[in-house]
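Accompanying notes for the structure given below.
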Amino acid sequence: MILTILDKYILKRYLATFFVMILLFIPIGIVIDVSEKINRILANKVPFVDVAKYYLDFTIYFANLLFPIFLFLSVIWFTSKLANNTEIIAVLSSGISFNRFLRPYIIGATFVSLLALIMTIFLVPKASAGFKNFRYTYLSGNGPADERDDTDVFRQISKDEYIFVSNFNEVSKMAFNFSMEKFKGDKLQYKLIASRIKWNAKDSTYTLFNYSKRKVGPLGDVIETGEKKDTIFKFDLEDLTPVVYIAETLNLTDLNKFIEKERDRGSSNINVYLVVLYKKYSIPISAFILTIIAVAVSSMKRRGGMGVNLAIGIILAFTFVFFDKIFGVLAEKSTMPPIIAVWIPNFIFGILAIYLLRNAKR
């Protein structure tokens, strides 16, 4: 495909405005974040290197989070300028169709979509891990202990094995009121309980305190008790006390493996993990939908000028983000299938894009 002078002109404006928008708003976000957290950072004597790395992760994390808004407003901005300068009228009057006028926008949306997809697969998971770890380590009330789901943890660790702990201490790596049950079909084979269980990172073993193990047999139960016992289990620390944001920190390959593992275990958080997975694909696709809506809204020269187009753009952009968040929460907390919930905003705004585009052509 050969790019004409018009294609290069619009494509250059598309990409330049988008990246300038990011470069303008990210520093503002950093300044606001610093002003909110500077007292806590100074009080905890956070090393400068950790702070610098945090704000690098912050930049990647929020550029990805606010990507739809940046893209939408940038297209609204420069297309409105084209309309106000009657450049669009001149282009269409020369015999170029509206669909042909859209071609450089679609090319730009393809580039931005691929960039967003690469970021969500490779860069954003690492940035998310650094961003969340910093916040839980230095800024949250209880420090690193807050990053784990450590109260009333119930986990299915295999097809027929279940574990439970009432709470977990991150510092001592010790859980309390531990129990483990193994079934065969619907029949209990054995149950192990302990007042405490301690994770030994050095040799990846566990120490049981005040434990009791009951094996159910056809002729009678066998009970084993003791004050202390070192043993090995098939589950690890992540099973005993999972990190609450673990799915956000995994790349695509690891995330798929993690979801399969959690699905086999019957994890109650499976919908949360599926939402993270599906959004890796839905957000890049939104680049095309938002680009078409932005062009359709701003290609008309209005009496109120660029202000009216920007106002409409801001309302639509935040409505999209609002829908994205609402349906994401519904997928995590209700019975709505995650794949449907994640794609509903794109579906709704896709219909809106078709409607606005048909009106713009007239």
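For the structure tokens, the naming scheme is as follows: chains receive sequential letters (A, B, ...) according to their order of presentation, residues are indexed from 1 within each chain, and ligands are indexed from 1 in presentation order.
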Quiz item: If we count only C-alpha atoms, what is near Asp324 of chain A at a cut-off of 10 Å, once residues fewer than 6 positions away on the same chain are taken out, given as an NGL selection string?
Solution: :A and (279 or 282-283 or 318 or 341-346)
Quiz item: Which polymer residues have any atom within 12 Å of an atom of Ile354 of chain A, counting only C-alpha atoms, with same-chain residues fewer than 3 positions away left out, as a PyMOL selection string?
Solution: chain A and resi 288-297+346-351+357-361
Using only C-alpha atoms, which protein or nucleic acid residues come within 12 Å of Ser74 of chain A? Drop anything in the same chain fewer than 3 positions from it, and give the result as a compact mmCIF listing (two decimals) with all heavy atoms, in the first residue's frame.
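The resulting file, around_37.txt, is shown below:
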```txt
# COMPACT_ATOMS: atom_id res chain seq x y z
N ARG A 13 0.13 13.70 11.91
CA ARG A 13 -0.61 14.46 12.92
C ARG A 13 -1.23 13.51 13.96
O ARG A 13 -1.25 13.82 15.16
CB ARG A 13 -1.72 15.28 12.25
CG ARG A 13 -1.23 16.32 11.26
CD ARG A 13 -0.63 17.52 11.97
NE ARG A 13 -1.62 18.24 12.75
CZ ARG A 13 -2.41 19.20 12.24
NH1 ARG A 13 -2.31 19.55 10.96
NH2 ARG A 13 -3.28 19.83 13.01
N TYR A 14 -1.72 12.37 13.50
CA TYR A 14 -2.35 11.38 14.38
C TYR A 14 -1.36 10.91 15.44
O TYR A 14 -1.63 10.97 16.65
CB TYR A 14 -2.84 10.21 13.53
CG TYR A 14 -3.55 9.09 14.28
CD1 TYR A 14 -4.92 8.93 14.14
CD2 TYR A 14 -2.87 8.19 15.08
CE1 TYR A 14 -5.60 7.90 14.80
CE2 TYR A 14 -3.52 7.17 15.74
CZ TYR A 14 -4.88 7.03 15.59
OH TYR A 14 -5.54 6.01 16.26
N LEU A 15 -0.22 10.41 15.00
CA LEU A 15 0.76 9.84 15.92
C LEU A 15 1.42 10.92 16.78
O LEU A 15 1.62 10.72 17.99
CB LEU A 15 1.83 9.06 15.14
CG LEU A 15 1.32 7.84 14.36
CD1 LEU A 15 2.44 7.22 13.56
CD2 LEU A 15 0.69 6.82 15.29
N ALA A 16 1.76 12.05 16.17
CA ALA A 16 2.43 13.11 16.92
C ALA A 16 1.53 13.65 18.02
O ALA A 16 1.98 13.83 19.17
CB ALA A 16 2.83 14.24 15.96
N THR A 17 0.26 13.89 17.72
CA THR A 17 -0.67 14.42 18.73
C THR A 17 -0.89 13.42 19.85
O THR A 17 -0.96 13.79 21.03
CB THR A 17 -2.02 14.79 18.09
OG1 THR A 17 -1.81 15.60 16.95
CG2 THR A 17 -2.90 15.54 19.08
N PHE A 18 -0.98 12.13 19.50
CA PHE A 18 -1.18 11.09 20.51
C PHE A 18 -0.02 11.04 21.49
O PHE A 18 -0.21 11.03 22.72
CB PHE A 18 -1.36 9.74 19.82
CG PHE A 18 -1.41 8.56 20.76
CD1 PHE A 18 -2.45 8.42 21.67
CD2 PHE A 18 -0.43 7.59 20.72
CE1 PHE A 18 -2.50 7.34 22.54
CE2 PHE A 18 -0.46 6.51 21.59
CZ PHE A 18 -1.50 6.38 22.49
N PHE A 19 1.21 11.02 20.97
CA PHE A 19 2.39 10.92 21.85
C PHE A 19 2.62 12.21 22.63
O PHE A 19 3.05 12.17 23.79
CB PHE A 19 3.62 10.53 21.05
CG PHE A 19 3.62 9.10 20.59
CD1 PHE A 19 3.53 8.79 19.24
CD2 PHE A 19 3.66 8.07 21.51
CE1 PHE A 19 3.51 7.46 18.82
CE2 PHE A 19 3.64 6.74 21.10
CZ PHE A 19 3.56 6.44 19.75
N VAL A 20 2.31 13.35 22.02
CA VAL A 20 2.43 14.63 22.75
C VAL A 20 1.42 14.67 23.89
O VAL A 20 1.72 15.15 24.99
CB VAL A 20 2.23 15.83 21.80
CG1 VAL A 20 2.03 17.13 22.59
CG2 VAL A 20 3.42 15.97 20.87
N MET A 21 0.21 14.16 23.65
CA MET A 21 -0.82 14.11 24.69
C MET A 21 -0.33 13.28 25.88
O MET A 21 -0.51 13.67 27.04
CB MET A 21 -2.10 13.50 24.11
CG MET A 21 -3.30 13.55 25.03
SD MET A 21 -4.08 15.18 25.13
CE MET A 21 -4.82 15.31 23.49
N ILE A 22 0.30 12.15 25.59
CA ILE A 22 0.84 11.32 26.66
C ILE A 22 1.95 12.05 27.41
O ILE A 22 1.98 12.07 28.65
CB ILE A 22 1.37 9.98 26.09
CG1 ILE A 22 0.20 9.12 25.59
CG2 ILE A 22 2.16 9.21 27.16
CD1 ILE A 22 0.64 7.82 24.96
N LEU A 23 2.86 12.67 26.66
CA LEU A 23 3.99 13.38 27.28
C LEU A 23 3.54 14.59 28.09
O LEU A 23 4.23 15.01 29.03
CB LEU A 23 4.97 13.84 26.19
CG LEU A 23 5.72 12.70 25.47
CD1 LEU A 23 6.58 13.27 24.34
CD2 LEU A 23 6.60 11.93 26.44
N LEU A 24 2.37 15.14 27.77
CA LEU A 24 1.86 16.28 28.54
C LEU A 24 1.17 15.84 29.82
O LEU A 24 1.34 16.47 30.87
CB LEU A 24 0.87 17.08 27.67
CG LEU A 24 1.46 17.96 26.57
CD1 LEU A 24 0.34 18.59 25.76
CD2 LEU A 24 2.33 19.06 27.17
N PHE A 25 0.39 14.76 29.74
CA PHE A 25 -0.43 14.38 30.89
C PHE A 25 0.29 13.50 31.90
O PHE A 25 -0.02 13.57 33.10
CB PHE A 25 -1.72 13.68 30.41
CG PHE A 25 -2.79 14.63 29.96
CD1 PHE A 25 -2.87 15.01 28.63
CD2 PHE A 25 -3.69 15.15 30.86
CE1 PHE A 25 -3.86 15.89 28.21
CE2 PHE A 25 -4.68 16.03 30.46
CZ PHE A 25 -4.76 16.41 29.13
N PHE A 67 -4.89 4.93 28.21
CA PHE A 67 -4.66 4.91 26.78
C PHE A 67 -5.90 5.28 25.96
O PHE A 67 -5.80 6.08 25.02
CB PHE A 67 -4.12 3.52 26.39
CG PHE A 67 -4.50 3.03 25.03
CD1 PHE A 67 -3.86 3.53 23.91
CD2 PHE A 67 -5.48 2.07 24.86
CE1 PHE A 67 -4.21 3.08 22.64
CE2 PHE A 67 -5.83 1.61 23.62
CZ PHE A 67 -5.19 2.12 22.49
N PRO A 68 -7.11 4.76 26.26
CA PRO A 68 -8.28 5.14 25.45
C PRO A 68 -8.57 6.64 25.50
O PRO A 68 -8.93 7.23 24.48
CB PRO A 68 -9.43 4.34 26.10
CG PRO A 68 -8.76 3.20 26.77
CD PRO A 68 -7.46 3.75 27.28
N ILE A 69 -8.42 7.25 26.69
CA ILE A 69 -8.69 8.69 26.81
C ILE A 69 -7.68 9.51 26.02
O ILE A 69 -8.03 10.44 25.29
CB ILE A 69 -8.69 9.11 28.29
CG1 ILE A 69 -9.85 8.43 29.03
CG2 ILE A 69 -8.78 10.62 28.44
CD1 ILE A 69 -9.90 8.75 30.50
N PHE A 70 -6.39 9.17 26.15
CA PHE A 70 -5.35 9.90 25.42
C PHE A 70 -5.58 9.81 23.91
O PHE A 70 -5.47 10.81 23.19
CB PHE A 70 -3.96 9.32 25.75
CG PHE A 70 -3.51 9.58 27.16
CD1 PHE A 70 -2.71 8.68 27.84
CD2 PHE A 70 -3.88 10.74 27.83
CE1 PHE A 70 -2.28 8.92 29.13
CE2 PHE A 70 -3.47 10.99 29.12
CZ PHE A 70 -2.67 10.08 29.77
N LEU A 71 -5.87 8.61 23.43
CA LEU A 71 -6.07 8.42 22.00
C LEU A 71 -7.29 9.20 21.50
O LEU A 71 -7.22 9.91 20.49
CB LEU A 71 -6.25 6.93 21.70
CG LEU A 71 -6.53 6.58 20.24
CD1 LEU A 71 -5.32 6.90 19.38
CD2 LEU A 71 -6.91 5.11 20.09
N TRP A 77 -8.76 16.39 18.94
CA TRP A 77 -8.04 17.67 18.91
C TRP A 77 -7.57 18.02 17.50
O TRP A 77 -7.90 19.07 16.96
CB TRP A 77 -6.85 17.61 19.87
CG TRP A 77 -5.95 18.81 19.83
CD1 TRP A 77 -4.84 18.99 19.08
CD2 TRP A 77 -6.13 20.03 20.57
NE1 TRP A 77 -4.29 20.23 19.30
CE2 TRP A 77 -5.07 20.89 20.21
CE3 TRP A 77 -7.07 20.46 21.49
CZ2 TRP A 77 -4.92 22.15 20.75
CZ3 TRP A 77 -6.93 21.73 22.04
CH2 TRP A 77 -5.88 22.56 21.67
N PHE A 78 -6.79 17.12 16.88
CA PHE A 78 -6.20 17.52 15.60
C PHE A 78 -7.22 17.45 14.46
O PHE A 78 -7.13 18.20 13.48
CB PHE A 78 -4.94 16.70 15.29
CG PHE A 78 -5.16 15.38 14.61
CD1 PHE A 78 -5.31 15.29 13.23
CD2 PHE A 78 -5.17 14.21 15.34
CE1 PHE A 78 -5.48 14.08 12.60
CE2 PHE A 78 -5.33 12.99 14.72
CZ PHE A 78 -5.49 12.92 13.34
N THR A 79 -8.24 16.57 14.55
CA THR A 79 -9.27 16.52 13.51
C THR A 79 -10.14 17.77 13.57
O THR A 79 -10.56 18.30 12.53
CB THR A 79 -10.13 15.25 13.65
OG1 THR A 79 -9.29 14.10 13.67
CG2 THR A 79 -11.10 15.13 12.50
N SER A 80 -10.41 18.26 14.77
CA SER A 80 -11.17 19.50 14.92
C SER A 80 -10.40 20.68 14.30
O SER A 80 -11.01 21.58 13.68
CB SER A 80 -11.45 19.79 16.40
OG SER A 80 -12.29 18.81 16.94
N LYS A 81 -9.09 20.68 14.46
CA LYS A 81 -8.27 21.73 13.85
C LYS A 81 -8.34 21.65 12.33
O LYS A 81 -8.42 22.68 11.64
CB LYS A 81 -6.82 21.62 14.32
CG LYS A 81 -6.61 22.00 15.79
CD LYS A 81 -5.14 22.06 16.14
CE LYS A 81 -4.47 23.25 15.47
NZ LYS A 81 -3.06 23.39 15.90
N TYR A 105 -6.26 7.28 9.27
CA TYR A 105 -6.67 7.11 10.67
C TYR A 105 -6.63 5.64 11.07
O TYR A 105 -6.19 5.29 12.17
CB TYR A 105 -8.09 7.67 10.88
CG TYR A 105 -8.18 9.17 10.88
CD1 TYR A 105 -8.48 9.87 9.73
CD2 TYR A 105 -7.98 9.89 12.05
CE1 TYR A 105 -8.58 11.26 9.73
CE2 TYR A 105 -8.08 11.28 12.08
CZ TYR A 105 -8.37 11.96 10.91
OH TYR A 105 -8.47 13.33 10.92
N GLY A 108 -3.07 4.57 11.48
CA GLY A 108 -2.58 5.05 12.78
C GLY A 108 -3.12 4.23 13.93
O GLY A 108 -2.40 3.89 14.87
N ALA A 109 -4.43 3.89 13.84
CA ALA A 109 -5.05 3.08 14.90
C ALA A 109 -4.42 1.69 14.95
O ALA A 109 -4.26 1.12 16.03
CB ALA A 109 -6.56 2.97 14.65
N ALA A 287 -8.89 0.90 20.13
CA ALA A 287 -8.22 1.97 19.38
C ALA A 287 -8.95 2.26 18.08
O ALA A 287 -9.12 3.44 17.70
CB ALA A 287 -6.77 1.58 19.10
N LEU A 290 -12.59 3.88 18.96
CA LEU A 290 -12.50 5.26 19.45
C LEU A 290 -12.00 6.20 18.35
O LEU A 290 -12.41 7.37 18.31
CB LEU A 290 -11.58 5.32 20.66
CG LEU A 290 -12.07 4.57 21.90
CD1 LEU A 290 -11.03 4.63 23.02
CD2 LEU A 290 -13.39 5.15 22.39
N THR A 291 -11.13 5.72 17.49
CA THR A 291 -10.66 6.55 16.38
C THR A 291 -11.80 6.91 15.44
O THR A 291 -11.96 8.08 15.04
CB THR A 291 -9.54 5.82 15.60
OG1 THR A 291 -8.41 5.66 16.44
CG2 THR A 291 -9.14 6.61 14.36
N ALA A 294 -14.12 9.40 17.15
CA ALA A 294 -13.49 10.71 17.24
C ALA A 294 -13.53 11.44 15.91
O ALA A 294 -13.82 12.65 15.85
CB ALA A 294 -12.05 10.57 17.74
N VAL A 295 -13.24 10.74 14.81
CA VAL A 295 -13.27 11.36 13.48
C VAL A 295 -14.70 11.78 13.12
O VAL A 295 -14.93 12.88 12.61
CB VAL A 295 -12.71 10.40 12.41
CG1 VAL A 295 -12.87 11.00 11.01
CG2 VAL A 295 -11.25 10.10 12.68
N SER A 298 -15.67 14.93 15.24
CA SER A 298 -14.90 16.17 15.08
C SER A 298 -14.66 16.61 13.64
O SER A 298 -14.09 17.67 13.41
CB SER A 298 -13.54 16.01 15.77
OG SER A 298 -12.82 14.93 15.22
N ASN A 309 -16.36 20.18 20.29
CA ASN A 309 -15.86 18.84 19.97
C ASN A 309 -15.10 18.22 21.13
O ASN A 309 -15.25 17.03 21.43
CB ASN A 309 -14.95 18.91 18.74
CG ASN A 309 -15.73 19.16 17.46
OD1 ASN A 309 -16.93 18.92 17.40
ND2 ASN A 309 -15.04 19.66 16.44
N LEU A 310 -14.28 19.03 21.80
CA LEU A 310 -13.52 18.52 22.94
C LEU A 310 -14.45 18.14 24.10
O LEU A 310 -14.22 17.14 24.78
CB LEU A 310 -12.51 19.56 23.41
CG LEU A 310 -11.25 19.71 22.53
CD1 LEU A 310 -10.41 20.88 23.02
CD2 LEU A 310 -10.44 18.44 22.53
N GLY A 313 -15.97 14.95 23.19
CA GLY A 313 -14.94 13.92 23.27
C GLY A 313 -14.65 13.51 24.70
O GLY A 313 -14.52 12.31 24.99
N ILE A 314 -14.55 14.47 25.60
CA ILE A 314 -14.26 14.17 27.00
C ILE A 314 -15.40 13.35 27.62
O ILE A 314 -15.16 12.36 28.33
CB ILE A 314 -14.04 15.46 27.81
CG1 ILE A 314 -12.71 16.12 27.37
CG2 ILE A 314 -14.02 15.19 29.30
CD1 ILE A 314 -12.49 17.49 27.95
N ALA A 317 -15.23 9.82 26.11
CA ALA A 317 -14.05 9.07 26.57
C ALA A 317 -14.24 8.58 28.00
O ALA A 317 -13.96 7.41 28.31
CB ALA A 317 -12.82 9.97 26.48
```
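Considering the residues A:Leu330, A:Leu192, A:Tyr54, A:Asp254 and counting only C-alpha atoms, Tyr136 of chain A has its shortest atom-to-atom contact with A:Tyr54.
One finds atom CA of Tyr55 of chain A at 8.0 Å from atom CA of Phe131 of chain A.
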As a compact mmCIF listing (two decimals) with C-alpha atoms, in the first residue's frame, please: the residues near Leu208 of chain A (cut-off 7 Å, only C-alpha atoms, same-chain neighbours under 4 positions excluded).
```
# COMPACT_ATOMS: atom_id res chain seq x y z
CA ALA A 194 -2.53 -27.88 63.00
CA ARG A 196 0.24 -23.34 63.21
CA ILE A 197 2.14 -24.06 60.01
CA LYS A 198 5.41 -22.35 59.12
CA LYS A 228 6.00 -30.57 65.88
CA LYS A 229 6.70 -32.10 62.48
CA ASP A 230 8.64 -31.06 59.38
```
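Straight-line separation from atom CA of Ile38 of chain A to atom CA of Lys53 of chain A: 15.2 Å.
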Quiz prompt | Atomic separation - atom CA of Thr205 of chain A relative to atom CA of Leu188 of chain A, Å | solution = 24.9 Å
Self-check item: Residue neighbourhood Val46 of chain A, 12 Å, only C-alpha atoms, exclusion window fewer than 5 positions, as a ChimeraX atom specification
Solution: /A:37-41,51-54,134-135,137-139
For segment 82-87 of chain A: contacts at 12 Å, only C-alpha atoms, fewer than 6 positions along chain excluded, given as a compact mmCIF listing (two decimals) with N, CA, C and O atoms, in the first residue's frame:
```
# COMPACT_ATOMS: atom_id res chain seq x y z
N LEU A 6 -1.51 13.07 1.44
CA LEU A 6 -2.60 13.22 2.41
C LEU A 6 -2.47 12.20 3.53
O LEU A 6 -2.63 12.53 4.72
N TYR A 9 0.38 13.11 5.80
CA TYR A 9 0.07 14.32 6.58
C TYR A 9 -0.82 13.99 7.78
O TYR A 9 -0.53 14.37 8.92
N ILE A 10 -1.91 13.25 7.54
CA ILE A 10 -2.85 12.90 8.61
C ILE A 10 -2.21 11.92 9.60
O ILE A 10 -2.36 12.05 10.81
N ARG A 13 0.13 13.70 11.91
CA ARG A 13 -0.61 14.46 12.92
C ARG A 13 -1.23 13.51 13.96
O ARG A 13 -1.25 13.82 15.16
N TYR A 14 -1.72 12.37 13.50
CA TYR A 14 -2.35 11.38 14.38
C TYR A 14 -1.36 10.91 15.44
O TYR A 14 -1.63 10.97 16.65
N VAL A 75 -7.17 12.48 18.82
CA VAL A 75 -7.82 12.46 17.50
C VAL A 75 -8.85 13.57 17.40
O VAL A 75 -8.96 14.25 16.37
N ILE A 76 -9.63 13.78 18.46
CA ILE A 76 -10.60 14.88 18.49
C ILE A 76 -9.89 16.21 18.26
O ILE A 76 -10.34 17.06 17.49
N SER A 93 -14.05 17.83 -1.11
CA SER A 93 -14.48 18.51 -2.34
C SER A 93 -13.64 18.11 -3.54
O SER A 93 -14.05 18.28 -4.70
N SER A 94 -12.43 17.58 -3.29
CA SER A 94 -11.55 17.17 -4.38
C SER A 94 -11.94 15.83 -4.97
O SER A 94 -11.29 15.35 -5.90
N PHE A 101 -10.80 9.05 3.16
CA PHE A 101 -10.25 10.01 4.12
C PHE A 101 -9.91 9.33 5.45
O PHE A 101 -8.97 9.72 6.15
N VAL A 295 -13.24 10.74 14.81
CA VAL A 295 -13.27 11.36 13.48
C VAL A 295 -14.70 11.78 13.12
O VAL A 295 -14.93 12.88 12.61
N ALA A 296 -15.66 10.89 13.39
CA ALA A 296 -17.05 11.20 13.06
C ALA A 296 -17.57 12.41 13.84
O ALA A 296 -18.33 13.23 13.30
N VAL A 297 -17.14 12.54 15.09
CA VAL A 297 -17.61 13.65 15.93
C VAL A 297 -16.95 14.97 15.55
O VAL A 297 -17.59 16.03 15.54
N SER A 298 -15.67 14.93 15.24
CA SER A 298 -14.90 16.17 15.08
C SER A 298 -14.66 16.61 13.64
O SER A 298 -14.09 17.67 13.41
N SER A 299 -15.08 15.80 12.66
CA SER A 299 -14.82 16.17 11.26
C SER A 299 -15.76 17.26 10.76
O SER A 299 -15.53 17.84 9.69
N MET A 300 -16.82 17.54 11.52
CA MET A 300 -17.76 18.58 11.14
C MET A 300 -17.37 19.91 11.78
O MET A 300 -17.06 19.96 12.96
N LYS A 301 -17.38 20.97 10.99
CA LYS A 301 -17.07 22.30 11.51
C LYS A 301 -18.29 22.83 12.27
O LYS A 301 -19.37 22.99 11.70
N ARG A 302 -18.13 23.09 13.56
CA ARG A 302 -19.25 23.50 14.40
C ARG A 302 -19.17 24.98 14.76
O ARG A 302 -18.08 25.57 14.77
N ARG A 303 -20.31 25.52 15.10
CA ARG A 303 -20.37 26.94 15.44
C ARG A 303 -19.57 27.23 16.70
O ARG A 303 -18.97 28.29 16.84
N GLY A 304 -19.55 26.30 17.64
CA GLY A 304 -18.82 26.52 18.89
C GLY A 304 -17.32 26.27 18.78
O GLY A 304 -16.59 26.46 19.76
N GLY A 305 -16.85 25.80 17.61
CA GLY A 305 -15.43 25.57 17.41
C GLY A 305 -14.95 24.29 18.07
O GLY A 305 -15.72 23.36 18.37
N MET A 306 -13.65 24.24 18.37
CA MET A 306 -13.03 23.05 18.93
C MET A 306 -13.54 22.73 20.33
O MET A 306 -13.53 21.58 20.75
N GLY A 307 -13.98 23.76 21.05
CA GLY A 307 -14.44 23.55 22.42
C GLY A 307 -15.59 22.57 22.51
O GLY A 307 -15.63 21.72 23.41
N VAL A 308 -16.53 22.69 21.56
CA VAL A 308 -17.69 21.78 21.56
C VAL A 308 -17.24 20.35 21.28
O VAL A 308 -17.66 19.41 21.96
N ASN A 309 -16.36 20.18 20.29
CA ASN A 309 -15.86 18.84 19.97
C ASN A 309 -15.10 18.22 21.13
O ASN A 309 -15.25 17.03 21.43
```
Exercise. Determine which residues of segment 57-300 of chain A receive a DSSP assignment of strand (DSSP E or B), computed from the backbone, and state them as a ChimeraX atom specification.
Key: /A:148,151-156,161-169,174-184,187-200,205-215,222-231,243
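Shortest separation to Thr4 of chain A among A:Pro104, A:Phe72, A:Asn251, A:Glu161 occurs at residue A:Pro104, atoms counted being only C-alpha atoms.
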Long-range neighbours of segment 214-217 of chain A as a PDB file with N, CA, C and O atoms, in the first residue's frame, 12 Å cut-off, only C-alpha atoms, 4 positions minimum in chain:
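What follows is the written file out28.pdb:
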```pdb
ATOM      1  N   SER A 179      -5.787 -26.374  58.100  1.00  0.00           N
ATOM      2  CA  SER A 179      -6.411 -27.685  57.892  1.00  0.00           C
ATOM      3  C   SER A 179      -6.266 -28.084  56.424  1.00  0.00           C
ATOM      4  O   SER A 179      -6.238 -27.230  55.537  1.00  0.00           O
ATOM      5  N   MET A 180      -6.151 -29.389  56.216  1.00  0.00           N
ATOM      6  CA  MET A 180      -6.029 -29.933  54.866  1.00  0.00           C
ATOM      7  C   MET A 180      -6.869 -31.191  54.772  1.00  0.00           C
ATOM      8  O   MET A 180      -6.790 -32.069  55.630  1.00  0.00           O
ATOM      9  N   GLU A 181      -7.675 -31.272  53.705  1.00  0.00           N
ATOM     10  CA  GLU A 181      -8.555 -32.414  53.520  1.00  0.00           C
ATOM     11  C   GLU A 181      -8.331 -33.038  52.152  1.00  0.00           C
ATOM     12  O   GLU A 181      -8.137 -32.320  51.161  1.00  0.00           O
ATOM     13  N   LYS A 182      -8.365 -34.360  52.094  1.00  0.00           N
ATOM     14  CA  LYS A 182      -8.239 -35.083  50.830  1.00  0.00           C
ATOM     15  C   LYS A 182      -9.438 -36.006  50.666  1.00  0.00           C
ATOM     16  O   LYS A 182      -9.791 -36.743  51.581  1.00  0.00           O
ATOM     17  N   PHE A 183     -10.055 -35.922  49.492  1.00  0.00           N
ATOM     18  CA  PHE A 183     -11.245 -36.727  49.211  1.00  0.00           C
ATOM     19  C   PHE A 183     -10.974 -37.701  48.066  1.00  0.00           C
ATOM     20  O   PHE A 183     -10.078 -37.485  47.236  1.00  0.00           O
ATOM     21  N   LYS A 184     -11.743 -38.743  48.027  1.00  0.00           N
ATOM     22  CA  LYS A 184     -11.791 -39.642  46.885  1.00  0.00           C
ATOM     23  C   LYS A 184     -13.252 -39.751  46.497  1.00  0.00           C
ATOM     24  O   LYS A 184     -14.047 -40.409  47.173  1.00  0.00           O
ATOM     25  N   LYS A 187     -15.976 -39.061  49.315  1.00  0.00           N
ATOM     26  CA  LYS A 187     -15.611 -39.628  50.610  1.00  0.00           C
ATOM     27  C   LYS A 187     -14.288 -39.056  51.098  1.00  0.00           C
ATOM     28  O   LYS A 187     -13.304 -38.982  50.346  1.00  0.00           O
ATOM     29  N   LEU A 188     -14.256 -38.687  52.365  1.00  0.00           N
ATOM     30  CA  LEU A 188     -13.045 -38.150  52.971  1.00  0.00           C
ATOM     31  C   LEU A 188     -12.033 -39.259  53.224  1.00  0.00           C
ATOM     32  O   LEU A 188     -12.369 -40.281  53.816  1.00  0.00           O
ATOM     33  N   GLN A 189     -10.773 -39.074  52.747  1.00  0.00           N
ATOM     34  CA  GLN A 189      -9.715 -40.054  52.981  1.00  0.00           C
ATOM     35  C   GLN A 189      -8.921 -39.715  54.236  1.00  0.00           C
ATOM     36  O   GLN A 189      -8.624 -40.594  55.032  1.00  0.00           O
ATOM     37  N   TYR A 190      -8.540 -38.430  54.375  1.00  0.00           N
ATOM     38  CA  TYR A 190      -7.868 -38.011  55.610  1.00  0.00           C
ATOM     39  C   TYR A 190      -8.032 -36.508  55.807  1.00  0.00           C
ATOM     40  O   TYR A 190      -8.326 -35.764  54.863  1.00  0.00           O
ATOM     41  N   LYS A 191      -7.846 -36.094  57.057  1.00  0.00           N
ATOM     42  CA  LYS A 191      -7.908 -34.675  57.402  1.00  0.00           C
ATOM     43  C   LYS A 191      -6.744 -34.369  58.334  1.00  0.00           C
ATOM     44  O   LYS A 191      -6.528 -35.054  59.330  1.00  0.00           O
ATOM     45  N   LEU A 192      -5.998 -33.321  57.991  1.00  0.00           N
ATOM     46  CA  LEU A 192      -4.856 -32.884  58.786  1.00  0.00           C
ATOM     47  C   LEU A 192      -5.150 -31.492  59.321  1.00  0.00           C
ATOM     48  O   LEU A 192      -5.532 -30.592  58.565  1.00  0.00           O
ATOM     49  N   ILE A 193      -4.981 -31.304  60.636  1.00  0.00           N
ATOM     50  CA  ILE A 193      -5.165 -29.981  61.230  1.00  0.00           C
ATOM     51  C   ILE A 193      -3.940 -29.651  62.081  1.00  0.00           C
ATOM     52  O   ILE A 193      -3.252 -30.539  62.584  1.00  0.00           O
ATOM     53  N   ALA A 194      -3.652 -28.347  62.190  1.00  0.00           N
ATOM     54  CA  ALA A 194      -2.528 -27.884  63.005  1.00  0.00           C
ATOM     55  C   ALA A 194      -2.840 -26.481  63.502  1.00  0.00           C
ATOM     56  O   ALA A 194      -3.490 -25.692  62.800  1.00  0.00           O
ATOM     57  N   ASP A 221     -10.568 -45.609  62.021  1.00  0.00           N
ATOM     58  CA  ASP A 221      -9.736 -44.460  61.710  1.00  0.00           C
ATOM     59  C   ASP A 221      -8.382 -44.562  62.413  1.00  0.00           C
ATOM     60  O   ASP A 221      -8.281 -45.103  63.521  1.00  0.00           O
ATOM     61  N   VAL A 222      -7.335 -44.059  61.745  1.00  0.00           N
ATOM     62  CA  VAL A 222      -5.995 -44.007  62.318  1.00  0.00           C
ATOM     63  C   VAL A 222      -5.667 -42.555  62.620  1.00  0.00           C
ATOM     64  O   VAL A 222      -5.736 -41.703  61.727  1.00  0.00           O
ATOM     65  N   ILE A 223      -5.334 -42.269  63.873  1.00  0.00           N
ATOM     66  CA  ILE A 223      -5.071 -40.890  64.293  1.00  0.00           C
ATOM     67  C   ILE A 223      -3.607 -40.747  64.675  1.00  0.00           C
ATOM     68  O   ILE A 223      -3.063 -41.533  65.454  1.00  0.00           O
ATOM     69  N   GLU A 224      -2.975 -39.708  64.109  1.00  0.00           N
ATOM     70  CA  GLU A 224      -1.578 -39.388  64.420  1.00  0.00           C
ATOM     71  C   GLU A 224      -1.532 -37.977  64.979  1.00  0.00           C
ATOM     72  O   GLU A 224      -2.108 -37.048  64.393  1.00  0.00           O
ATOM     73  N   THR A 225      -0.874 -37.791  66.110  1.00  0.00           N
ATOM     74  CA  THR A 225      -0.766 -36.467  66.724  1.00  0.00           C
ATOM     75  C   THR A 225       0.692 -36.192  67.090  1.00  0.00           C
ATOM     76  O   THR A 225       1.511 -37.104  67.199  1.00  0.00           O
TER      77      THR A 225
END
```
Practice problem: Could you please write out, as a ChimeraX atom specification, every residue of segment 151-338 of chain A that DSSP assigns to alpha helix (DSSP H)? | Solution: /A:237-240,252-265,270-298,306-333,338
